[in-house]
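Just model38.pdb here, PDB, C-alpha atoms:
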```pdb
ATOM      1  CA  MET S 472      30.911  14.025  19.544
ATOM      2  CA  HIS S 473      27.873  15.327  21.372
ATOM      3  CA  ARG S 474      27.617  18.235  18.969
ATOM      4  CA  SER S 475      27.795  15.888  15.980
ATOM      5  CA  GLY S 476      25.007  13.729  17.404
ATOM      6  CA  THR S 477      22.865  16.794  18.018
ATOM      7  CA  THR S 478      23.439  18.003  14.459
ATOM      8  CA  MET S 479      22.469  14.610  13.031
ATOM      9  CA  ALA S 480      19.276  14.520  15.128
ATOM     10  CA  TRP S 481      18.400  18.036  13.939
ATOM     11  CA  ASN S 482      18.964  17.051  10.302
ATOM     12  CA  VAL S 483      16.705  14.009  10.689
ATOM     13  CA  PHE S 484      14.049  16.212  12.313
ATOM     14  CA  LYS S 485      14.193  18.654   9.411
ATOM     15  CA  PHE S 486      13.964  15.782   6.934
ATOM     16  CA  CYS S 487      10.844  14.380   8.640
ATOM     17  CA  THR S 488       9.312  17.852   8.785
ATOM     18  CA  ALA S 489       9.968  18.287   5.063
ATOM     19  CA  LEU S 490       8.256  14.972   4.298
ATOM     20  CA  ARG S 491       5.173  16.076   6.237
ATOM     21  CA  GLY S 492       5.158  19.358   4.328
ATOM     22  CA  LEU S 493       5.183  17.509   1.000
ATOM     23  CA  GLY S 494       1.799  15.968   1.774
ATOM     24  CA  SER S 495      -0.600  18.342   0.046
ATOM     25  CA  ILE S 496       1.826  18.879  -2.832
ATOM     26  CA  MET S 497       2.001  15.144  -3.571
ATOM     27  CA  ILE S 498      -1.795  14.780  -3.573
ATOM     28  CA  LEU S 499      -2.076  17.717  -5.973
ATOM     29  CA  LEU S 500       0.634  16.159  -8.135
ATOM     30  CA  VAL S 501      -1.264  12.868  -8.338
ATOM     31  CA  LEU S 502      -4.488  14.683  -9.229
ATOM     32  CA  GLY S 503      -2.574  16.747 -11.779
ATOM     33  CA  VAL S 504      -1.285  13.630 -13.547
ATOM     34  CA  VAL S 505      -4.816  12.204 -13.511
ATOM     35  CA  GLY S 506      -6.166  15.438 -15.009
ATOM     36  CA  VAL S 507      -3.584  15.561 -17.815
ATOM     37  CA  THR S 508      -4.204  11.894 -18.609
ATOM     38  CA  TYR S 509      -7.975  12.307 -18.604
ATOM     39  CA  TYR S 510      -7.792  15.278 -20.945
ATOM     40  CA  ALA S 511      -5.457  13.472 -23.353
ATOM     41  CA  VAL S 512      -7.402  10.202 -23.481
ATOM     42  CA  VAL S 513     -11.055  11.210 -23.162
ATOM     43  CA  TRP S 514     -11.364  14.791 -24.363
ATOM     44  CA  THR S 515      -8.655  14.883 -27.016
ATOM     45  CA  ASN S 516      -8.337  11.441 -28.606
ATOM     46  CA  TYR S 517     -11.160   8.992 -27.857
ATOM     47  CA  GLY S 518     -14.118  11.111 -26.753
ATOM     48  CA  PRO S 519     -14.569  12.816 -30.156
ATOM     49  CA  ALA S 520     -14.550   9.386 -31.855
ATOM     50  CA  LEU S 521     -17.860   8.495 -30.205
ATOM     51  CA  SER S 522     -19.719  10.646 -32.727
ATOM     52  CA  ASP S 523     -18.024   9.132 -35.783
ATOM     53  CA  GLY S 524     -20.191   6.028 -35.902
ATOM     54  CA  GLY S 525     -19.217   2.512 -36.908
ATOM     55  CA  LEU S 526     -16.882   0.032 -35.272
ATOM     56  CA  TYR S 527     -14.389   2.725 -34.317
ATOM     57  CA  SER S 528     -17.025   4.398 -32.167
ATOM     58  CA  LEU S 529     -17.805   1.099 -30.437
ATOM     59  CA  ALA S 530     -14.108   0.526 -29.814
ATOM     60  CA  ALA S 531     -13.742   4.065 -28.446
ATOM     61  CA  LEU S 532     -16.732   3.493 -26.152
ATOM     62  CA  ALA S 533     -15.243   0.252 -24.800
ATOM     63  CA  ILE S 534     -11.906   2.000 -24.217
ATOM     64  CA  ILE S 535     -13.527   4.908 -22.385
ATOM     65  CA  ILE S 536     -15.567   2.567 -20.174
ATOM     66  CA  LEU S 537     -12.476   0.526 -19.245
ATOM     67  CA  PHE S 538     -10.485   3.716 -18.668
ATOM     68  CA  HIS S 539     -13.128   5.118 -16.303
ATOM     69  CA  PHE S 540     -13.473   1.820 -14.416
ATOM     70  CA  LEU S 541      -9.742   1.558 -13.745
ATOM     71  CA  LEU S 542      -9.550   5.249 -12.883
ATOM     72  CA  ALA S 543     -12.415   4.912 -10.376
ATOM     73  CA  MET S 544     -10.767   1.904  -8.702
ATOM     74  CA  LEU S 545      -7.411   3.724  -8.672
ATOM     75  CA  LEU S 546      -8.838   6.808  -6.972
ATOM     76  CA  TRP S 547     -10.950   4.742  -4.553
ATOM     77  CA  SER S 548      -7.873   2.764  -3.500
ATOM     78  CA  TYR S 549      -5.680   5.872  -3.368
ATOM     79  CA  PHE S 550      -7.927   7.898  -1.085
ATOM     80  CA  SER S 551      -8.580   4.805   1.044
ATOM     81  CA  VAL S 552      -4.839   4.690   1.751
ATOM     82  CA  VAL S 553      -4.699   8.447   2.343
ATOM     83  CA  PHE S 554      -7.619   8.631   4.798
ATOM     84  CA  THR S 555      -7.312   5.259   6.575
ATOM     85  CA  ASP S 556      -5.289   5.235   9.767
ATOM     86  CA  PRO S 557      -2.582   2.572   9.295
ATOM     87  CA  GLY S 558      -3.036   1.362  12.857
ATOM     88  CA  VAL S 559      -2.421   2.969  16.228
ATOM     89  CA  VAL S 560      -1.411   1.125  19.382
ATOM     90  CA  PRO S 561      -4.316   1.238  21.880
ATOM     91  CA  PRO S 562      -3.283   3.004  25.104
ATOM     92  CA  THR S 563      -4.463   0.024  27.143
ATOM     93  CA  TRP S 564      -2.781  -2.633  24.995
ATOM     94  CA  ARG S 565      -1.047  -5.514  26.740
ATOM     95  CA  SER S 566       0.486  -8.611  25.224
ATOM     96  CA  ALA S 567      -1.505 -11.833  25.164
ATOM     97  CA  SER S 568       1.017 -13.482  27.496
ATOM     98  CA  ASP S 569       0.556 -10.675  30.022
ATOM     99  CA  GLU S 570      -3.225 -11.051  29.844
ATOM    100  CA  GLU S 571      -2.931 -14.800  30.327
ATOM    101  CA  GLN S 572      -0.828 -14.256  33.424
ATOM    102  CA  ARG S 573      -3.456 -11.865  34.747
ATOM    103  CA  GLY S 574      -6.277 -14.253  33.779
ATOM    104  CA  GLU S 575      -7.820 -11.655  31.449
ATOM    105  CA  ALA S 576      -7.382 -13.318  28.061
ATOM    106  CA  ASP S 577     -10.301 -12.792  25.705
ATOM    107  CA  PRO S 578     -11.329 -16.079  24.018
ATOM    108  CA  LEU S 579     -12.524 -14.127  20.966
ATOM    109  CA  ASN S 580      -8.931 -13.081  20.308
ATOM    110  CA  SER S 581      -7.810 -16.716  20.253
ATOM    111  CA  LEU S 582      -9.721 -17.642  17.096
ATOM    112  CA  GLU S 583      -7.773 -20.115  15.039
ATOM    113  CA  PHE S 584      -6.324 -19.201  11.670
ATOM    114  CA  GLY S 585      -5.771 -22.398   9.715
ATOM    115  CA  GLY S 586      -5.082 -24.315  12.918
ATOM    116  CA  LEU S 587      -2.568 -21.741  14.206
ATOM    117  CA  GLN S 588      -3.027 -19.329  17.080
ATOM    118  CA  PRO S 589      -1.190 -16.149  18.028
ATOM    119  CA  ASP S 590       2.006 -17.319  19.687
ATOM    120  CA  SER S 591       3.144 -14.926  22.376
ATOM    121  CA  SER S 592       4.525 -17.269  25.003
ATOM    122  CA  ASN S 593       8.113 -16.799  23.833
ATOM    123  CA  GLN S 594       7.975 -13.224  22.572
ATOM    124  CA  ARG S 595       9.687 -10.574  24.622
ATOM    125  CA  ILE S 596       7.769  -7.356  25.153
ATOM    126  CA  ARG S 597       9.250  -4.505  23.127
ATOM    127  CA  PHE S 598       9.054  -0.935  24.371
ATOM    128  CA  CYS S 599       9.113   2.301  22.361
ATOM    129  CA  ARG S 600      11.156   4.940  24.161
ATOM    130  CA  LYS S 601       9.793   7.713  21.946
ATOM    131  CA  CYS S 602       6.114   6.898  22.528
ATOM    132  CA  ASN S 603       6.797   5.636  26.071
ATOM    133  CA  GLN S 604       4.584   2.595  25.585
ATOM    134  CA  PRO S 605       4.906  -1.144  24.803
ATOM    135  CA  LYS S 606       4.947  -2.177  21.154
ATOM    136  CA  PRO S 607       2.858  -5.061  19.787
ATOM    137  CA  PRO S 608       4.531  -7.629  17.527
ATOM    138  CA  ARG S 609       5.588  -6.264  14.113
ATOM    139  CA  CYS S 610       4.978  -2.684  15.217
ATOM    140  CA  HIS S 611       7.506   0.077  14.418
ATOM    141  CA  HIS S 612       7.890   3.753  15.203
ATOM    142  CA  CYS S 613       7.476   6.217  12.323
ATOM    143  CA  SER S 614       9.600   9.337  12.703
ATOM    144  CA  VAL S 615       7.517  11.222  10.135
ATOM    145  CA  CYS S 616       4.140  10.532  11.783
ATOM    146  CA  GLY S 617       5.703  10.722  15.239
ATOM    147  CA  ARG S 618       4.025   7.566  16.565
ATOM    148  CA  CYS S 619       4.131   3.781  16.469
ATOM    149  CA  VAL S 620       2.335   2.104  13.568
ATOM    150  CA  LEU S 621       0.970  -1.434  13.635
ATOM    151  CA  LYS S 622       2.746  -3.732  11.155
ATOM    152  CA  MET S 623       4.376  -0.720   9.567
ATOM    153  CA  ASP S 624       5.626  -1.248   6.019
ATOM    154  CA  HIS S 625       6.918   2.237   5.181
ATOM    155  CA  HIS S 626       5.955   5.898   5.163
ATOM    156  CA  CYS S 627       4.794   6.850   1.667
ATOM    157  CA  VAL S 628       4.951  10.506   0.646
ATOM    158  CA  TRP S 629       2.661   9.809  -2.321
ATOM    159  CA  VAL S 630      -0.243   8.938  -0.009
ATOM    160  CA  VAL S 631       0.789  11.344   2.783
ATOM    161  CA  ASN S 632       0.456   8.521   5.258
ATOM    162  CA  CYS S 633       2.122   5.497   6.729
ATOM    163  CA  VAL S 634       1.365   2.143   5.152
ATOM    164  CA  GLY S 635       0.539  -0.299   7.929
ATOM    165  CA  ALA S 636      -1.758  -3.076   9.070
ATOM    166  CA  LEU S 637      -5.054  -1.310   8.366
ATOM    167  CA  ASN S 638      -4.313   0.166   4.934
ATOM    168  CA  TYR S 639      -1.671  -2.121   3.412
ATOM    169  CA  LYS S 640      -4.263  -3.928   1.282
ATOM    170  CA  TYR S 641      -5.506  -0.566  -0.028
ATOM    171  CA  PHE S 642      -1.948   0.423  -0.905
ATOM    172  CA  LEU S 643      -1.417  -2.790  -2.865
ATOM    173  CA  LEU S 644      -4.661  -2.241  -4.770
ATOM    174  CA  PHE S 645      -3.555   1.325  -5.492
ATOM    175  CA  LEU S 646      -0.351  -0.045  -7.005
ATOM    176  CA  LEU S 647      -2.274  -2.656  -8.998
ATOM    177  CA  TYR S 648      -4.831  -0.271 -10.481
ATOM    178  CA  THR S 649      -2.191   2.381 -11.108
ATOM    179  CA  PHE S 650      -0.134  -0.133 -13.081
ATOM    180  CA  LEU S 651      -3.160  -1.302 -15.088
ATOM    181  CA  GLU S 652      -4.367   2.243 -15.793
ATOM    182  CA  THR S 653      -0.978   3.645 -16.768
ATOM    183  CA  THR S 654      -0.239   0.608 -18.947
ATOM    184  CA  LEU S 655      -3.589   1.033 -20.709
ATOM    185  CA  VAL S 656      -2.966   4.730 -21.319
ATOM    186  CA  THR S 657       0.557   4.046 -22.563
ATOM    187  CA  LEU S 658      -0.750   1.560 -25.119
ATOM    188  CA  LEU S 659      -3.583   3.879 -26.172
ATOM    189  CA  LEU S 660      -1.349   6.888 -26.702
ATOM    190  CA  MET S 661       1.635   5.069 -28.175
ATOM    191  CA  PRO S 662       0.426   5.449 -31.823
ATOM    192  CA  HIS S 663       0.006   9.183 -31.248
ATOM    193  CA  PHE S 664       3.455   9.385 -29.660
ATOM    194  CA  ILE S 665       5.062   7.557 -32.600
ATOM    195  CA  ALA S 666       3.268   9.911 -35.003
ATOM    196  CA  PHE S 667       5.189  12.833 -33.492
ATOM    197  CA  PHE S 668       8.351  11.513 -35.101
ATOM    198  CA  SER S 669       6.850  10.824 -38.515
ATOM    199  CA  ASP S 670       6.456  13.145 -41.487
ATOM    200  CA  GLU S 671       2.679  12.844 -41.458
ATOM    201  CA  ASP S 672       0.414  15.729 -40.520
ATOM    202  CA  ILE S 673      -1.011  15.230 -37.039
ATOM    203  CA  PRO S 674      -4.515  16.573 -36.379
ATOM    204  CA  GLY S 675      -4.961  18.772 -33.339
ATOM    205  CA  THR S 676      -3.833  22.038 -31.840
ATOM    206  CA  PRO S 677      -0.355  22.532 -30.359
ATOM    207  CA  GLY S 678      -1.927  22.408 -26.896
ATOM    208  CA  THR S 679      -3.672  19.064 -27.420
ATOM    209  CA  LEU S 680      -0.587  17.574 -29.054
ATOM    210  CA  ALA S 681       1.624  18.706 -26.186
ATOM    211  CA  THR S 682      -0.844  17.266 -23.645
ATOM    212  CA  THR S 683      -0.905  13.915 -25.446
ATOM    213  CA  PHE S 684       2.890  13.818 -25.554
ATOM    214  CA  LEU S 685       3.165  14.687 -21.851
ATOM    215  CA  ALA S 686       0.491  12.166 -20.835
ATOM    216  CA  PHE S 687       2.273   9.372 -22.701
ATOM    217  CA  VAL S 688       5.647  10.116 -21.103
ATOM    218  CA  LEU S 689       4.178  10.406 -17.584
ATOM    219  CA  ASN S 690       2.131   7.212 -17.838
ATOM    220  CA  LEU S 691       5.013   5.243 -19.307
ATOM    221  CA  ALA S 692       7.270   6.391 -16.468
ATOM    222  CA  PHE S 693       4.683   5.539 -13.813
ATOM    223  CA  ALA S 694       3.897   2.155 -15.387
ATOM    224  CA  LEU S 695       7.547   1.095 -15.324
ATOM    225  CA  SER S 696       8.242   2.373 -11.802
ATOM    226  CA  VAL S 697       5.021   1.035 -10.279
ATOM    227  CA  MET S 698       5.635  -2.358 -11.897
ATOM    228  CA  GLY S 699       8.853  -2.647  -9.901
ATOM    229  CA  PHE S 700       7.129  -1.727  -6.629
ATOM    230  CA  LEU S 701       4.261  -4.108  -7.384
ATOM    231  CA  ILE S 702       6.585  -7.041  -8.015
ATOM    232  CA  MET S 703       8.460  -6.291  -4.798
ATOM    233  CA  HIS S 704       5.301  -6.136  -2.681
ATOM    234  CA  VAL S 705       3.883  -9.305  -4.241
ATOM    235  CA  SER S 706       7.007 -11.112  -3.030
ATOM    236  CA  LEU S 707       6.609  -9.526   0.428
ATOM    237  CA  VAL S 708       2.975 -10.649   0.682
ATOM    238  CA  ALA S 709       3.928 -14.160  -0.438
ATOM    239  CA  ALA S 710       6.457 -14.339   2.432
ATOM    240  CA  ASN S 711       4.195 -12.526   4.939
ATOM    241  CA  THR S 712       6.733  -9.819   5.654
ATOM    242  CA  THR S 713       6.957  -6.050   5.340
ATOM    243  CA  THR S 714       9.535  -3.777   3.770
ATOM    244  CA  ILE S 715      10.999  -2.971   7.202
ATOM    245  CA  GLU S 716      11.008  -6.617   8.298
ATOM    246  CA  ALA S 717      12.645  -7.734   5.046
ATOM    247  CA  TYR S 718      15.442  -5.271   5.750
ATOM    248  CA  GLU S 719      15.852  -6.054   9.446
ATOM    249  CA  LYS S 720      15.165  -9.777   9.830
ATOM    250  CA  ASN S 721      17.802 -12.452  10.171
ATOM    251  CA  THR S 722      17.763 -14.238   6.811
ATOM    252  CA  SER S 723      19.586 -17.274   8.223
ATOM    253  CA  LEU S 724      16.517 -18.208  10.285
ATOM    254  CA  LYS S 725      13.057 -19.297   9.230
ATOM    255  CA  TRP S 726      10.596 -16.395   9.250
ATOM    256  CA  PRO S 727       8.003 -17.367  11.903
ATOM    257  CA  TYR S 728       5.072 -15.552  10.287
ATOM    258  CA  ASP S 729       5.426 -17.356   6.949
ATOM    259  CA  LEU S 730       2.405 -19.681   7.025
ATOM    260  CA  GLY S 731       2.331 -20.545   3.333
ATOM    261  CA  ARG S 732       1.356 -18.376   0.379
ATOM    262  CA  LYS S 733      -2.398 -18.906   0.692
ATOM    263  CA  LYS S 734      -2.596 -17.970   4.375
ATOM    264  CA  ASN S 735      -0.077 -15.172   3.902
ATOM    265  CA  PHE S 736      -2.253 -13.711   1.154
ATOM    266  CA  GLU S 737      -5.384 -13.998   3.293
ATOM    267  CA  GLN S 738      -3.718 -12.149   6.166
ATOM    268  CA  VAL S 739      -3.568  -9.087   3.906
ATOM    269  CA  PHE S 740      -6.608  -9.438   1.641
ATOM    270  CA  GLY S 741      -8.956 -11.411   3.889
ATOM    271  CA  MET S 742     -10.704 -14.702   3.223
ATOM    272  CA  ASP S 743     -13.783 -13.340   1.435
ATOM    273  CA  LYS S 744     -12.973 -13.465  -2.289
ATOM    274  CA  ARG S 745     -15.648 -10.897  -3.106
ATOM    275  CA  TYR S 746     -13.574  -8.223  -1.361
ATOM    276  CA  TRP S 747     -10.140  -9.103  -2.698
ATOM    277  CA  LEU S 748     -10.124  -6.476  -5.457
ATOM    278  CA  ILE S 749     -11.807  -3.614  -3.601
ATOM    279  CA  PRO S 750     -10.372  -1.459  -0.775
ATOM    280  CA  ALA S 751     -12.620  -2.869   1.949
ATOM    281  CA  TYR S 752     -13.075  -5.914   4.176
ATOM    282  CA  SER S 753     -16.183  -7.928   4.873
ATOM    283  CA  GLU S 754     -17.590  -7.759   8.395
ATOM    284  CA  GLU S 755     -17.163 -11.518   8.635
ATOM    285  CA  ASP S 756     -13.430 -11.281   7.941
ATOM    286  CA  LEU S 757     -13.001  -8.471  10.458
ATOM    287  CA  ARG S 758     -14.793 -10.574  13.060
ATOM    288  CA  ARG S 759     -13.001 -13.880  12.514
ATOM    289  CA  MET S 760      -9.505 -12.594  11.665
ATOM    290  CA  PRO S 761      -7.966 -10.598  14.555
ATOM    291  CA  GLU S 762      -4.740 -10.218  12.553
ATOM    292  CA  LEU S 763      -6.516  -7.737  10.251
ATOM    293  CA  GLN S 764      -6.571  -5.372  13.262
ATOM    294  CA  GLY S 765      -2.771  -5.507  13.442
ATOM    295  CA  LEU S 766      -2.304  -6.552  17.079
ATOM    296  CA  GLU S 767      -1.919 -10.333  17.084
ATOM    297  CA  TYR S 768      -0.523 -12.578  14.352
ATOM    298  CA  PRO S 769      -0.518 -16.376  14.134
ATOM    299  CA  SER S 770       2.997 -17.757  13.849
ATOM    300  CA  LYS S 771       4.848 -20.998  13.740
ATOM    301  CA  PRO S 772       5.719 -22.405  17.165
ATOM    302  CA  ASP S 773       9.161 -22.852  18.678
ATOM    303  CA  PHE S 774      10.836 -19.634  17.711
ATOM    304  CA  ASP S 775      12.514 -16.953  19.766
ATOM    305  CA  SER S 776      11.467 -13.424  18.745
ATOM    306  CA  GLN S 777      14.789 -12.106  20.062
ATOM    307  CA  ASP S 778      16.440 -13.607  16.993
ATOM    308  CA  PHE S 779      14.482 -11.343  14.636
TER     309      PHE S 779
END
```

Serialized structure, structure tokens:
Amino acid sequence: MHRSGTTMAWNVFKFCTALRGLGSIMILLVLGVVGVTYYAVVWTNYGPALSDGGLYSLAALAIIILFHFLLAMLLWSYFSVVFTDPGVVPPTWRSASDEEQRGEADPLNSLEFGGLQPDSSNQRIRFCRKCNQPKPPRCHHCSVCGRCVLKMDHHCVWVVNCVGALNYKYFLLFLLYTFLETTLVTLLLMPHFIAFFSDEDIPGTPGTLATTFLAFVLNLAFALSVMGFLIMHVSLVAANTTTIEAYEKNTSLKWPYDLGRKKNFEQVFGMDKRYWLIPAYSEEDLRRMPELQGLEYPSKPDFDSQDF
């Protein structure tokens, strides 16, 4: 039995090591898909139309501008997820209830959020045996990163990073702009794809035709798969839960962090509407919303965290 347990632990370790090794490969794969798509849309099909003149040139210009805008937002969101730390537990962190008992509570961390305050009076302190430190509410240990992550959602090999409290919004925007961009490209290249199966002569070299065909197939596949992930995460945001919490929580009890769709949305995207569609937060939101830092979350009163 001991040998079997050791073997299983070794297999999990090798799996986590393999996921870390995939990092650079996945980034190169994403950039490769972007490069193939860019070549097929801009250089092969719509860029040359700019010199034709007439309404077709204006339409091609509008398409290229929209394509570049969505691509810029996609890459901005993507690299924001890649390079933003999802949230690390401060070495000196203590729960709010512990600070209150010591008389050290910071009034700035008790700012109200829609009339609700972080409720820690009935939350038991969780402890991570791997990190040898206490865990804040909604924090989980990531075996791939080898550390605890604040409000961890999942470890994503595509972004070579954990998705947690500090970069979850950026991940959602990455999904959104990826879906919009890949859907746009699919629609733009669909006539060219259909032409492959017709008897008409198709202009272009074998290389450009193959690139167009490949770009259409890749973008269609990504559009369909990302749409599923996007729908799932929209439902998670609406319920103020994460992928891990949705899997682990007791569905027979009311989820204490569900404050209503509006407040749930604001806990991820902030209250400043100007920043909702860009991978950033306003300084005002960061100052008045401690939950954006991933340590304290307002919740409904009268619940026992041991039930979740």

### Query
For this file, the PyMOL selection byres ((chain S and resi 756) around 12) selects which residues, as a VMD selection string?
chain S and resid 582 584 737 to 747 751 to 755 757 to 764

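Pairwise distance (atom CA of Leu541 of chain S, atom CA of Leu701 of chain S) equals 16.4 Å.
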
### Task
Kindly give the distance, in Å, that separates atom CA of Tyr509 of chain S and atom CA of Leu695 of chain S, rounded to a single decimal.
19.4 Å

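Using only C-alpha atoms, the set of residues no farther than 9 Å from the position (6.6, -19.1, 9.5) comprises Ala710, Asn711, Lys725, Trp726, Pro727, Tyr728, Asp729, Leu730, Gly731, Pro769, Ser770, Lys771 and Pro772 of chain S.
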
For the residues in the current selection, export C-alpha atoms as a PDB file, keeping the file's coordinate frame.
```pdb
ATOM      1  CA  ALA S 710       6.457 -14.339   2.432  1.00  0.00           C
ATOM      2  CA  ASN S 711       4.195 -12.526   4.939  1.00  0.00           C
ATOM      3  CA  LYS S 725      13.057 -19.297   9.230  1.00  0.00           C
ATOM      4  CA  TRP S 726      10.596 -16.395   9.250  1.00  0.00           C
ATOM      5  CA  PRO S 727       8.003 -17.367  11.903  1.00  0.00           C
ATOM      6  CA  TYR S 728       5.072 -15.552  10.287  1.00  0.00           C
ATOM      7  CA  ASP S 729       5.426 -17.356   6.949  1.00  0.00           C
ATOM      8  CA  LEU S 730       2.405 -19.681   7.025  1.00  0.00           C
ATOM      9  CA  GLY S 731       2.331 -20.545   3.333  1.00  0.00           C
ATOM     10  CA  PRO S 769      -0.518 -16.376  14.134  1.00  0.00           C
ATOM     11  CA  SER S 770       2.997 -17.757  13.849  1.00  0.00           C
ATOM     12  CA  LYS S 771       4.848 -20.998  13.740  1.00  0.00           C
ATOM     13  CA  PRO S 772       5.719 -22.405  17.165  1.00  0.00           C
TER      14      PRO S 772
END
```

### Nearest to Cys613 of chain S by atom-to-atom distance, counting all atoms listed in the file, from S:Pro662, S:Pro562, S:Pro750, S:Pro557
S:Pro557

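Considering the residues S:Ser495, S:Ser548, S:Ser522, S:Asn516 and counting all atoms listed in the file, Met661 of chain S has its shortest atom-to-atom contact with S:Asn516.
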
### Message
Would you pick out the contacts of Asp672 of chain S at 12 Å or less, using only C-alpha atoms, so that residues sharing its chain but fewer than 6 positions from it are not included, and give the list as number ranges by chain?
### Response
S: 663, 666, 680

### Task
Skip Tyr641 of chain S itself and residues of its chain fewer than 2 positions away, then list as a VMD selection string all residues within 7 Å of it, counting all atoms listed in the file.
chain S and resid 548 551 to 552 638 to 639 643 to 645 750
